Amino acid sequence: MFRISTQRLFIGACLNMFLLIFLIYQYKGYAAKMLNKMPNPDMSASIYDSRIAEQKRIKARIEQTCQKYNLTGGMHFTYVHLFHIKELNWFYCRNHKVGSSTMNTNFRKLIGKVPEHIPKPETVKAIKDMMIPTVSFSFVRHPFERLVSAYREKILNNANPRMVEDFRIQYGKNETFTNFVQWILDMSQVNCRTNFECGLDTHWIPYHFNCGFCDTSYTVVGRLENFEE
């Protein structure tokens, strides 16, 4: 059985305390400024408050989008993308093509392994109950950038030969990004007939199908565009 050293447990406890502060140092290069100079207490408070305000704006936009497209009430999660990292008291929802490989690297450094996804829950309520006492977080990125990343990896770099074969049945070797997007739209017509059921590939399925953004509130929703910060 894997045992975590006392040092790693201590690090995990500290990171659990400061995860929210760390993740909200996003957007506009604040983290870099903090490394380059020691701010006064008033500046620290101001930056912290601005990051909290940014999270409120992100969550308000999520709520508006969910209401606009009638996405609330479905409570859809993909449990194989949900991770309860008990060592750190974190709950993480993974979205592919949104820094998932980087997060795996970070987990190896923190707890010495990549965590396993949660067991298949009997109810969606069980997932929410699991999240409540934790620091819960997920990352998103601009949908178009996510599609470009998937196109480069899966089609141009032939990372998934079966997928390329399926693509070429319809478009031959005309592997343009335009055709790739149209291919996904065509599949959506067949595989996503409602707002709560979608059989698209995990690398471009809409976020709310994985993480239940429209029916639960995460502690932090970060953006890959500012991941390094």
# chains A, B, ... in the order shown; residues from 1 in each chain; ligands from 1
>>> residues_around(residues="Tyr207 of chain A", least_positions_apart="4", cutoff="12 Å", atoms="only C-alpha atoms", output="ChimeraX atom specification")
/A:62,66,71,76-78,81,93-98,138-143,146,195-196,198,200-203,211-214,221
>>> select_by_dssp(residues="segment 29-193 of chain A", states="alpha helix (DSSP H)", output="PyMOL selection string")
chain A and resi 30-36+41-68+100-111+124-131+143-150+161-171+177-191
>>> residues_around(residues="Pro133 of chain A", least_positions_apart="6", cutoff="12 Å", atoms="only C-alpha atoms", output="PDB file with C-alpha atoms, in the first residue's frame")
ATOM      1  CA  ASN A  16      -4.940  22.667   0.731  1.00  0.00           C
ATOM      2  CA  HIS A  84     -11.283  13.031  -4.843  1.00  0.00           C
ATOM      3  CA  LYS A  86      -8.182  12.674  -0.028  1.00  0.00           C
ATOM      4  CA  LEU A  88      -5.088  17.025   0.053  1.00  0.00           C
ATOM      5  CA  ASN A  89      -8.847  17.271   0.577  1.00  0.00           C
ATOM      6  CA  TRP A  90      -9.248  18.342  -3.047  1.00  0.00           C
ATOM      7  CA  PHE A  91     -11.982  17.486  -5.511  1.00  0.00           C
ATOM      8  CA  ILE A 127     -21.096  13.353  -5.868  1.00  0.00           C
ATOM      9  CA  TYR A 218     -16.874  24.737  -7.503  1.00  0.00           C
ATOM     10  CA  THR A 219     -14.566  26.565  -5.135  1.00  0.00           C
TER      11      THR A 219
END
>>> closest_residue(among="A:Trp183, A:Thr178, A:Phe144, A:Thr134", to="Met163 of chain A", atoms="only C-alpha atoms")
A:Trp183
>>> atom_distance(atom1="atom CA of Leu82 of chain A", atom2="atom CA of Ile118 of chain A")
6.0 Å
>>> closest_residue(among="A:Tyr69, A:Phe137, A:Glu225, A:Asn191", to="Gln55 of chain A", atoms="only C-alpha atoms")
A:Phe137
>>> residues_around(residues="Gly99 of chain A", least_positions_apart="3", cutoff="7 Å", atoms="only C-alpha atoms", output="list in words")
Thr102, Met103 and Leu224 of chain A
>>> write_last_selection(atoms="N, CA, C and O atoms", output="CSV table (one decimal), in the first residue's frame")
chain,number,residue,atom,x,y,z
A,102,THR,N,-0.7,18.2,-17.5
A,102,THR,CA,0.0,19.0,-16.5
A,102,THR,C,-0.4,18.7,-15.1
A,102,THR,O,0.4,18.6,-14.1
A,103,MET,N,-1.7,18.6,-14.9
A,103,MET,CA,-2.2,18.3,-13.6
A,103,MET,C,-1.7,16.9,-13.1
A,103,MET,O,-1.4,16.7,-11.9
A,224,LEU,N,-7.3,27.8,-18.5
A,224,LEU,CA,-6.0,27.3,-19.0
A,224,LEU,C,-5.1,28.5,-19.5
A,224,LEU,O,-3.9,28.4,-19.4
>>> closest_residue(among="A:Leu110, A:Ala150, A:Ala126, A:Val220", to="Tyr79 of chain A", atoms="only C-alpha atoms")
A:Ala126
